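S.K.: So that you have it, the file is coords-v5.txt, and it contains compact mmCIF, N, CA and C atoms:
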# COMPACT_ATOMS: atom_id res chain seq x y z
N MET I 1 0.84 -1.17 0.00
CA MET I 1 0.00 0.00 0.00
C MET I 1 0.89 1.23 0.00
N LYS I 2 0.39 2.32 -0.57
CA LYS I 2 1.15 3.57 -0.65
C LYS I 2 1.11 4.29 0.69
N ILE I 3 2.00 5.26 0.85
CA ILE I 3 2.12 5.96 2.12
C ILE I 3 0.82 6.67 2.52
N GLY I 4 0.11 7.23 1.57
CA GLY I 4 -1.15 7.91 1.87
C GLY I 4 -2.20 6.94 2.40
N GLU I 5 -2.25 5.76 1.81
CA GLU I 5 -3.20 4.74 2.26
C GLU I 5 -2.85 4.28 3.69
N LEU I 6 -1.56 4.02 3.89
CA LEU I 6 -1.10 3.60 5.21
C LEU I 6 -1.42 4.66 6.26
N ALA I 7 -1.14 5.90 5.93
CA ALA I 7 -1.40 7.00 6.86
C ALA I 7 -2.88 7.06 7.23
N LYS I 8 -3.73 6.93 6.24
CA LYS I 8 -5.18 7.00 6.47
C LYS I 8 -5.65 5.85 7.35
N VAL I 9 -5.21 4.64 7.03
CA VAL I 9 -5.64 3.45 7.79
C VAL I 9 -5.12 3.51 9.23
N ALA I 10 -3.88 3.96 9.39
CA ALA I 10 -3.26 3.99 10.72
C ALA I 10 -3.62 5.25 11.51
N GLY I 11 -4.18 6.25 10.85
CA GLY I 11 -4.58 7.47 11.54
C GLY I 11 -3.42 8.38 11.89
N VAL I 12 -2.39 8.40 11.05
CA VAL I 12 -1.25 9.28 11.25
C VAL I 12 -0.97 10.06 9.96
N ALA I 13 -0.21 11.12 10.09
CA ALA I 13 0.16 11.91 8.92
C ALA I 13 1.29 11.21 8.15
N THR I 14 1.33 11.44 6.85
CA THR I 14 2.40 10.86 6.04
C THR I 14 3.77 11.36 6.52
N SER I 15 3.81 12.61 6.96
CA SER I 15 5.09 13.15 7.46
C SER I 15 5.55 12.39 8.71
N ARG I 16 4.61 11.92 9.52
CA ARG I 16 4.94 11.15 10.72
C ARG I 16 5.57 9.82 10.32
N ILE I 17 5.03 9.19 9.28
CA ILE I 17 5.58 7.92 8.81
C ILE I 17 7.01 8.14 8.33
N ARG I 18 7.23 9.19 7.55
CA ARG I 18 8.58 9.49 7.07
C ARG I 18 9.53 9.77 8.24
N PHE I 19 9.02 10.47 9.26
CA PHE I 19 9.80 10.77 10.46
C PHE I 19 10.21 9.47 11.15
N TYR I 20 9.26 8.55 11.32
CA TYR I 20 9.56 7.27 11.96
C TYR I 20 10.57 6.47 11.14
N GLU I 21 10.46 6.53 9.82
CA GLU I 21 11.44 5.86 8.96
C GLU I 21 12.83 6.45 9.18
N LYS I 22 12.89 7.78 9.19
CA LYS I 22 14.17 8.48 9.34
C LYS I 22 14.85 8.11 10.66
N HIS I 23 14.04 7.89 11.71
CA HIS I 23 14.58 7.59 13.03
C HIS I 23 14.64 6.09 13.35
N GLY I 24 14.41 5.26 12.34
CA GLY I 24 14.61 3.83 12.48
C GLY I 24 13.50 3.06 13.17
N LEU I 25 12.35 3.67 13.40
CA LEU I 25 11.23 2.95 14.01
C LEU I 25 10.45 2.15 12.97
N MET I 26 10.55 2.59 11.74
CA MET I 26 9.90 1.90 10.62
C MET I 26 11.01 1.55 9.63
N PRO I 27 10.99 0.33 9.12
CA PRO I 27 12.00 -0.01 8.10
C PRO I 27 11.74 0.76 6.81
N GLN I 28 12.79 0.96 6.06
CA GLN I 28 12.63 1.61 4.77
C GLN I 28 11.77 0.71 3.88
N PRO I 29 10.74 1.26 3.28
CA PRO I 29 9.85 0.44 2.46
C PRO I 29 10.48 0.12 1.10
N VAL I 30 9.92 -0.88 0.49
CA VAL I 30 10.27 -1.21 -0.88
C VAL I 30 9.74 -0.08 -1.75
N ARG I 31 10.49 0.27 -2.78
CA ARG I 31 10.03 1.31 -3.71
C ARG I 31 9.50 0.66 -4.98
N GLN I 32 8.36 1.17 -5.43
CA GLN I 32 7.81 0.71 -6.69
C GLN I 32 8.64 1.30 -7.83
N GLU I 33 8.41 0.86 -9.05
CA GLU I 33 9.16 1.36 -10.20
C GLU I 33 9.04 2.88 -10.34
N ASN I 34 7.89 3.42 -9.95
CA ASN I 34 7.67 4.86 -10.07
C ASN I 34 8.24 5.63 -8.87
N GLY I 35 8.90 4.94 -7.95
CA GLY I 35 9.51 5.59 -6.80
C GLY I 35 8.62 5.67 -5.57
N TYR I 36 7.34 5.31 -5.70
CA TYR I 36 6.43 5.36 -4.56
C TYR I 36 6.80 4.30 -3.54
N ARG I 37 6.63 4.66 -2.27
CA ARG I 37 6.85 3.68 -1.21
C ARG I 37 5.73 2.63 -1.25
N ASP I 38 6.11 1.39 -0.97
CA ASP I 38 5.14 0.30 -0.94
C ASP I 38 5.26 -0.40 0.41
N TYR I 39 4.21 -0.28 1.24
CA TYR I 39 4.24 -0.81 2.60
C TYR I 39 3.42 -2.09 2.71
N PRO I 40 3.93 -3.06 3.47
CA PRO I 40 3.13 -4.26 3.74
C PRO I 40 2.08 -3.97 4.81
N GLU I 41 1.11 -4.83 4.91
CA GLU I 41 0.03 -4.68 5.91
C GLU I 41 0.56 -4.61 7.34
N ALA I 42 1.68 -5.27 7.61
CA ALA I 42 2.25 -5.31 8.98
C ALA I 42 2.58 -3.91 9.49
N MET I 43 2.76 -2.95 8.59
CA MET I 43 3.11 -1.60 9.02
C MET I 43 1.95 -0.91 9.76
N ILE I 44 0.74 -1.34 9.50
CA ILE I 44 -0.42 -0.76 10.20
C ILE I 44 -0.29 -1.05 11.69
N SER I 45 -0.05 -2.30 12.01
CA SER I 45 0.11 -2.71 13.41
C SER I 45 1.31 -2.02 14.05
N ARG I 46 2.40 -1.91 13.30
CA ARG I 46 3.61 -1.28 13.83
C ARG I 46 3.33 0.19 14.15
N LEU I 47 2.63 0.89 13.27
CA LEU I 47 2.28 2.29 13.53
C LEU I 47 1.37 2.42 14.74
N HIS I 48 0.43 1.50 14.88
CA HIS I 48 -0.45 1.53 16.06
C HIS I 48 0.38 1.32 17.34
N THR I 49 1.34 0.41 17.29
CA THR I 49 2.20 0.17 18.45
C THR I 49 3.00 1.42 18.80
N ILE I 50 3.56 2.06 17.80
CA ILE I 50 4.34 3.29 18.03
C ILE I 50 3.46 4.38 18.61
N THR I 51 2.29 4.58 18.02
CA THR I 51 1.37 5.62 18.48
C THR I 51 0.92 5.37 19.92
N MET I 52 0.54 4.13 20.23
CA MET I 52 0.10 3.79 21.57
C MET I 52 1.25 3.94 22.57
N SER I 53 2.44 3.53 22.18
CA SER I 53 3.59 3.63 23.07
C SER I 53 3.91 5.09 23.38
N LYS I 54 3.82 5.95 22.38
CA LYS I 54 4.05 7.38 22.61
C LYS I 54 3.00 7.93 23.57
N ALA I 55 1.75 7.51 23.40
CA ALA I 55 0.67 7.98 24.28
C ALA I 55 0.89 7.52 25.72
N LEU I 56 1.59 6.40 25.90
CA LEU I 56 1.88 5.88 27.24
C LEU I 56 3.15 6.49 27.84
N GLY I 57 3.78 7.40 27.10
CA GLY I 57 4.93 8.11 27.63
C GLY I 57 6.29 7.57 27.24
N PHE I 58 6.34 6.60 26.36
CA PHE I 58 7.61 6.07 25.92
C PHE I 58 8.26 7.04 24.93
N SER I 59 9.57 7.21 25.06
CA SER I 59 10.30 8.05 24.11
C SER I 59 10.54 7.26 22.82
N LEU I 60 10.92 7.95 21.77
CA LEU I 60 11.21 7.26 20.51
C LEU I 60 12.36 6.26 20.68
N SER I 61 13.37 6.64 21.45
CA SER I 61 14.49 5.71 21.64
C SER I 61 14.06 4.47 22.42
N GLU I 62 13.17 4.62 23.40
CA GLU I 62 12.66 3.46 24.13
C GLU I 62 11.85 2.57 23.19
N ILE I 63 11.01 3.18 22.38
CA ILE I 63 10.18 2.42 21.44
C ILE I 63 11.06 1.66 20.46
N LYS I 64 12.07 2.33 19.96
CA LYS I 64 12.98 1.71 19.00
C LYS I 64 13.66 0.49 19.60
N ARG I 65 14.01 0.56 20.89
CA ARG I 65 14.68 -0.56 21.55
C ARG I 65 13.78 -1.79 21.67
N PHE I 66 12.49 -1.58 21.91
CA PHE I 66 11.66 -2.77 22.13
C PHE I 66 10.85 -3.23 20.93
N LEU I 67 10.82 -2.45 19.86
CA LEU I 67 10.12 -2.93 18.66
C LEU I 67 10.90 -4.07 18.03
N PRO I 68 10.20 -5.11 17.58
CA PRO I 68 10.91 -6.19 16.91
C PRO I 68 11.55 -5.68 15.61
N ASP I 69 12.70 -6.25 15.26
CA ASP I 69 13.37 -5.86 14.02
C ASP I 69 12.50 -6.16 12.80
N ASP I 70 11.86 -7.30 12.85
CA ASP I 70 10.98 -7.71 11.75
C ASP I 70 9.58 -7.17 12.04
N PRO I 71 9.08 -6.25 11.21
CA PRO I 71 7.77 -5.66 11.45
C PRO I 71 6.62 -6.65 11.51
N SER I 72 6.81 -7.84 10.93
CA SER I 72 5.72 -8.82 10.98
C SER I 72 5.73 -9.61 12.29
N ASP I 73 6.79 -9.47 13.09
CA ASP I 73 6.84 -10.14 14.39
C ASP I 73 5.95 -9.40 15.39
N VAL I 74 5.39 -10.16 16.30
CA VAL I 74 4.56 -9.60 17.35
C VAL I 74 5.32 -9.71 18.67
N MET I 75 5.26 -8.66 19.47
CA MET I 75 5.93 -8.70 20.76
C MET I 75 5.24 -9.70 21.68
N GLU I 76 6.02 -10.42 22.43
CA GLU I 76 5.47 -11.36 23.41
C GLU I 76 4.82 -10.58 24.55
N ARG I 77 3.74 -11.12 25.09
CA ARG I 77 3.01 -10.47 26.18
C ARG I 77 3.93 -10.16 27.37
N ALA I 78 4.81 -11.09 27.71
CA ALA I 78 5.72 -10.88 28.85
C ALA I 78 6.64 -9.70 28.59
N GLU I 79 7.07 -9.52 27.35
CA GLU I 79 7.94 -8.40 27.01
C GLU I 79 7.18 -7.08 27.11
N VAL I 80 5.94 -7.07 26.67
CA VAL I 80 5.11 -5.87 26.79
C VAL I 80 4.92 -5.51 28.25
N ILE I 81 4.60 -6.50 29.07
CA ILE I 81 4.40 -6.27 30.51
C ILE I 81 5.68 -5.74 31.14
N SER I 82 6.80 -6.32 30.79
CA SER I 82 8.09 -5.87 31.33
C SER I 82 8.37 -4.41 30.97
N ASN I 83 8.12 -4.05 29.72
CA ASN I 83 8.32 -2.66 29.29
C ASN I 83 7.39 -1.70 30.04
N LEU I 84 6.15 -2.11 30.22
CA LEU I 84 5.18 -1.26 30.93
C LEU I 84 5.56 -1.12 32.41
N GLU I 85 6.01 -2.21 33.03
CA GLU I 85 6.42 -2.13 34.43
C GLU I 85 7.64 -1.22 34.60
N ALA I 86 8.57 -1.29 33.66
CA ALA I 86 9.74 -0.39 33.70
C ALA I 86 9.30 1.06 33.57
N LYS I 87 8.32 1.31 32.69
CA LYS I 87 7.81 2.68 32.51
C LYS I 87 7.13 3.15 33.79
N LEU I 88 6.38 2.27 34.46
CA LEU I 88 5.76 2.64 35.73
C LEU I 88 6.80 3.04 36.77
N GLY I 89 7.90 2.29 36.81
CA GLY I 89 8.99 2.64 37.72
C GLY I 89 9.56 4.02 37.41
N ASP I 90 9.76 4.31 36.13
CA ASP I 90 10.24 5.63 35.73
C ASP I 90 9.27 6.73 36.15
N ILE I 91 8.00 6.49 35.93
CA ILE I 91 6.97 7.48 36.29
C ILE I 91 6.96 7.71 37.80
N ASP I 92 7.03 6.63 38.58
CA ASP I 92 7.04 6.76 40.04
C ASP I 92 8.24 7.57 40.51
N ARG I 93 9.41 7.33 39.90
CA ARG I 93 10.61 8.11 40.27
C ARG I 93 10.43 9.58 39.91
N ARG I 94 9.85 9.85 38.76
CA ARG I 94 9.64 11.25 38.36
C ARG I 94 8.64 11.94 39.28
N ILE I 95 7.60 11.21 39.68
CA ILE I 95 6.62 11.78 40.62
C ILE I 95 7.31 12.12 41.93
N LYS I 96 8.13 11.21 42.44
CA LYS I 96 8.86 11.45 43.69
C LYS I 96 9.74 12.68 43.57
N ASP I 97 10.48 12.77 42.46
CA ASP I 97 11.36 13.93 42.23
C ASP I 97 10.55 15.22 42.14
N LEU I 98 9.42 15.19 41.45
CA LEU I 98 8.58 16.38 41.30
C LEU I 98 7.98 16.81 42.64
N LYS I 99 7.59 15.83 43.46
CA LYS I 99 7.05 16.17 44.79
C LYS I 99 8.12 16.85 45.63
N SER I 100 9.33 16.35 45.55
CA SER I 100 10.44 16.96 46.30
C SER I 100 10.71 18.38 45.79
N MET I 101 10.72 18.54 44.47
CA MET I 101 10.94 19.85 43.88
C MET I 101 9.81 20.82 44.28
N ARG I 102 8.58 20.30 44.27
CA ARG I 102 7.43 21.13 44.65
C ARG I 102 7.58 21.63 46.09
N LYS I 103 7.98 20.72 46.99
CA LYS I 103 8.17 21.10 48.39
C LYS I 103 9.23 22.17 48.51
N ASN I 104 10.34 22.02 47.79
CA ASN I 104 11.42 23.01 47.84
C ASN I 104 10.97 24.37 47.33
N VAL I 105 10.22 24.38 46.25
CA VAL I 105 9.72 25.66 45.71
C VAL I 105 8.73 26.28 46.68
N LYS I 106 7.85 25.46 47.22
CA LYS I 106 6.87 25.98 48.20
C LYS I 106 7.58 26.55 49.42
N ASP I 107 8.58 25.84 49.93
CA ASP I 107 9.36 26.33 51.07
C ASP I 107 10.03 27.66 50.75
N MET I 108 10.55 27.80 49.53
CA MET I 108 11.21 29.04 49.14
C MET I 108 10.21 30.19 49.09
N VAL I 109 9.02 29.92 48.59
CA VAL I 109 7.98 30.95 48.56
C VAL I 109 7.64 31.39 49.98
N VAL I 110 7.45 30.42 50.86
CA VAL I 110 7.15 30.75 52.26
C VAL I 110 8.29 31.56 52.86
N TYR I 111 9.52 31.15 52.62
CA TYR I 111 10.68 31.87 53.16
C TYR I 111 10.76 33.30 52.61
N LEU I 112 10.54 33.45 51.32
CA LEU I 112 10.63 34.79 50.73
C LEU I 112 9.52 35.70 51.22
N LYS I 113 8.37 35.12 51.55
CA LYS I 113 7.28 35.93 52.12
C LYS I 113 7.60 36.30 53.56
N ASP I 114 8.28 35.39 54.27
CA ASP I 114 8.61 35.63 55.69
C ASP I 114 9.96 35.00 55.99
N PRO I 115 11.05 35.78 55.87
CA PRO I 115 12.40 35.24 56.10
C PRO I 115 12.61 34.65 57.49
N ASN I 116 11.74 34.96 58.44
CA ASN I 116 11.87 34.40 59.78
C ASN I 116 11.23 33.01 59.91
N SER I 117 10.57 32.58 58.86
CA SER I 117 9.91 31.26 58.92
C SER I 117 10.99 30.16 58.88
N LYS I 118 10.58 28.95 59.23
CA LYS I 118 11.51 27.80 59.25
C LYS I 118 11.35 26.95 57.98
N ALA I 119 10.80 27.55 56.94
CA ALA I 119 10.51 26.80 55.73
C ALA I 119 11.77 26.27 55.03
N CYS I 120 12.84 27.03 55.01
CA CYS I 120 14.04 26.60 54.26
C CYS I 120 15.12 26.05 55.15
As structure tokens, what does this structure read like?
M.R.:
Amino acid sequence: MKIGELAKVAGVATSRIRFYEKHGLMPQPVRQENGYRDYPEAMISRLHTITMSKALGFSLSEIKRFLPDDPSDVMERAEVISNLEAKLGDIDRRIKDLKSMRKNVKDMVVYLKDPNSKAC
């Protein structure tokens, strides 16, 4: 299928597909004689995986690491669970860091309003 068809079926822009190709998340497609890209059906699923992974907070480099090399391969359930659990750990660490940062900023505001306070 051509890039426009793939984009429509997968619900992404053609520029996004080219971007993913450029960054190695999508393999370079076969070119037809007229130079048009020709994508196999497996690319629909791959684009859905990339889109869903981005929505779950995975970076492009993380997605690239866990996507199978062969676009027709399906990730094993245990591998998906492992990746999601690792992402949860990252999120929990970021939440902890943000809470600490929030407390520090709040303490600084209290201190600046009243330098005699014990906030800092």
S.K.: If you count all atoms listed in the file, which residues fall within 6.5 Å of range 41-45 of chain I, apart from same-chain ones fewer than 3 positions away, as a PDB file with N, CA and C atoms, in the coordinates of the input?
M.R.:
ATOM      1  N   MET I   1       0.840  -1.170   0.000  1.00  0.00           N
ATOM      2  CA  MET I   1       0.000   0.000   0.000  1.00  0.00           C
ATOM      3  C   MET I   1       0.890   1.230   0.000  1.00  0.00           C
ATOM      4  N   VAL I   9      -5.210   4.640   7.030  1.00  0.00           N
ATOM      5  CA  VAL I   9      -5.640   3.450   7.790  1.00  0.00           C
ATOM      6  C   VAL I   9      -5.120   3.510   9.230  1.00  0.00           C
ATOM      7  N   ALA I  10      -3.880   3.960   9.390  1.00  0.00           N
ATOM      8  CA  ALA I  10      -3.260   3.990  10.720  1.00  0.00           C
ATOM      9  C   ALA I  10      -3.620   5.250  11.510  1.00  0.00           C
ATOM     10  N   HIS I  48       0.430   1.500  14.880  1.00  0.00           N
ATOM     11  CA  HIS I  48      -0.450   1.530  16.060  1.00  0.00           C
ATOM     12  C   HIS I  48       0.380   1.320  17.340  1.00  0.00           C
ATOM     13  N   THR I  49       1.340   0.410  17.290  1.00  0.00           N
ATOM     14  CA  THR I  49       2.200   0.170  18.450  1.00  0.00           C
ATOM     15  C   THR I  49       3.000   1.420  18.800  1.00  0.00           C
ATOM     16  N   ILE I  50       3.560   2.060  17.800  1.00  0.00           N
ATOM     17  CA  ILE I  50       4.340   3.290  18.030  1.00  0.00           C
ATOM     18  C   ILE I  50       3.460   4.380  18.610  1.00  0.00           C
ATOM     19  N   PRO I  71       9.080  -6.250  11.210  1.00  0.00           N
ATOM     20  CA  PRO I  71       7.770  -5.660  11.450  1.00  0.00           C
ATOM     21  C   PRO I  71       6.620  -6.650  11.510  1.00  0.00           C
ATOM     22  N   SER I  72       6.810  -7.840  10.930  1.00  0.00           N
ATOM     23  CA  SER I  72       5.720  -8.820  10.980  1.00  0.00           C
ATOM     24  C   SER I  72       5.730  -9.610  12.290  1.00  0.00           C
TER      25      SER I  72
END
S.K.: Could you list, as a list in words, every residue within 8 Å of range 26-36 of chain I, counting only N, CA and C atoms and ignoring same-chain residues fewer than 4 positions away?
M.R.: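 Skipping anything fewer than 4 positions along the chain leaves Met1, Lys2, Ile3, Ile17, Phe19, Tyr20, Glu21, Lys22, Pro40, Met43, Arg46, Leu47, Lys64, Asp69 and Pro71 of chain I.
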S.K.: For the strand (DSSP E or B) assignment from backbone DSSP, which residues of chain I qualify? Please present them as a count of residues only.
M.R.: 4
S.K.: Please indicate the distance in Å from CA of Arg65 in chain I to CA of Asn83 in chain I, rounded to one decimal place.
M.R.: 10.2 Å
S.K.: State, in Å with one decimal place, the distance from atom C of Leu60 in chain I to atom N of Leu25 in chain I.
M.R.: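 Answer for the atom C of Leu60 in chain I to atom N of Leu25 in chain I separation: 7.7 Å.
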S.K.: What is the distance between CA of Leu56 in chain I and CA of Leu88 in chain I, in Å to one decimal?
M.R.: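 That distance, rounded to one decimal, is 9.9 Å.
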S.K.: List as a list in words the protein and nucleic acid residues near Ala86 in chain I, meaning an atom at most 12 Å away when only C-alpha atoms are counted, but skip any in the same chain fewer than 4 places from it.
M.R.: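 My list of contacting residues is Leu56, Gly57, Phe58, Glu62, Phe66, Glu79, Val80, Ile81, Ser82, Asp90, Ile91, Asp92 and Arg93 of chain I.
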S.K.: Compare I:Lys113, I:Gly24, I:Ser15, I:Gly4 by their minimum atom-to-atom distance to Ile63 in chain I, counting all atoms listed in the file, and give me the closest one.
M.R.: I:Gly24
S.K.: Which of range 31-70 of chain I end up as helix (DSSP H, G or I) when DSSP is run on this backbone - answer as a list in words?
M.R.: Ala42, Met43, Ile44, Ser45, Arg46, Leu47, His48, Thr49, Ile50, Thr51, Met52, Ser53, Lys54, Ala55, Leu60, Ser61, Glu62, Ile63, Lys64, Arg65 and Phe66 of chain I
S.K.: Restricting the calculation to only C-alpha atoms, which member of I:Thr14, I:Met75, I:Lys87, I:Leu98 is positioned closest to Ser59 in chain I?
M.R.: I:Lys87
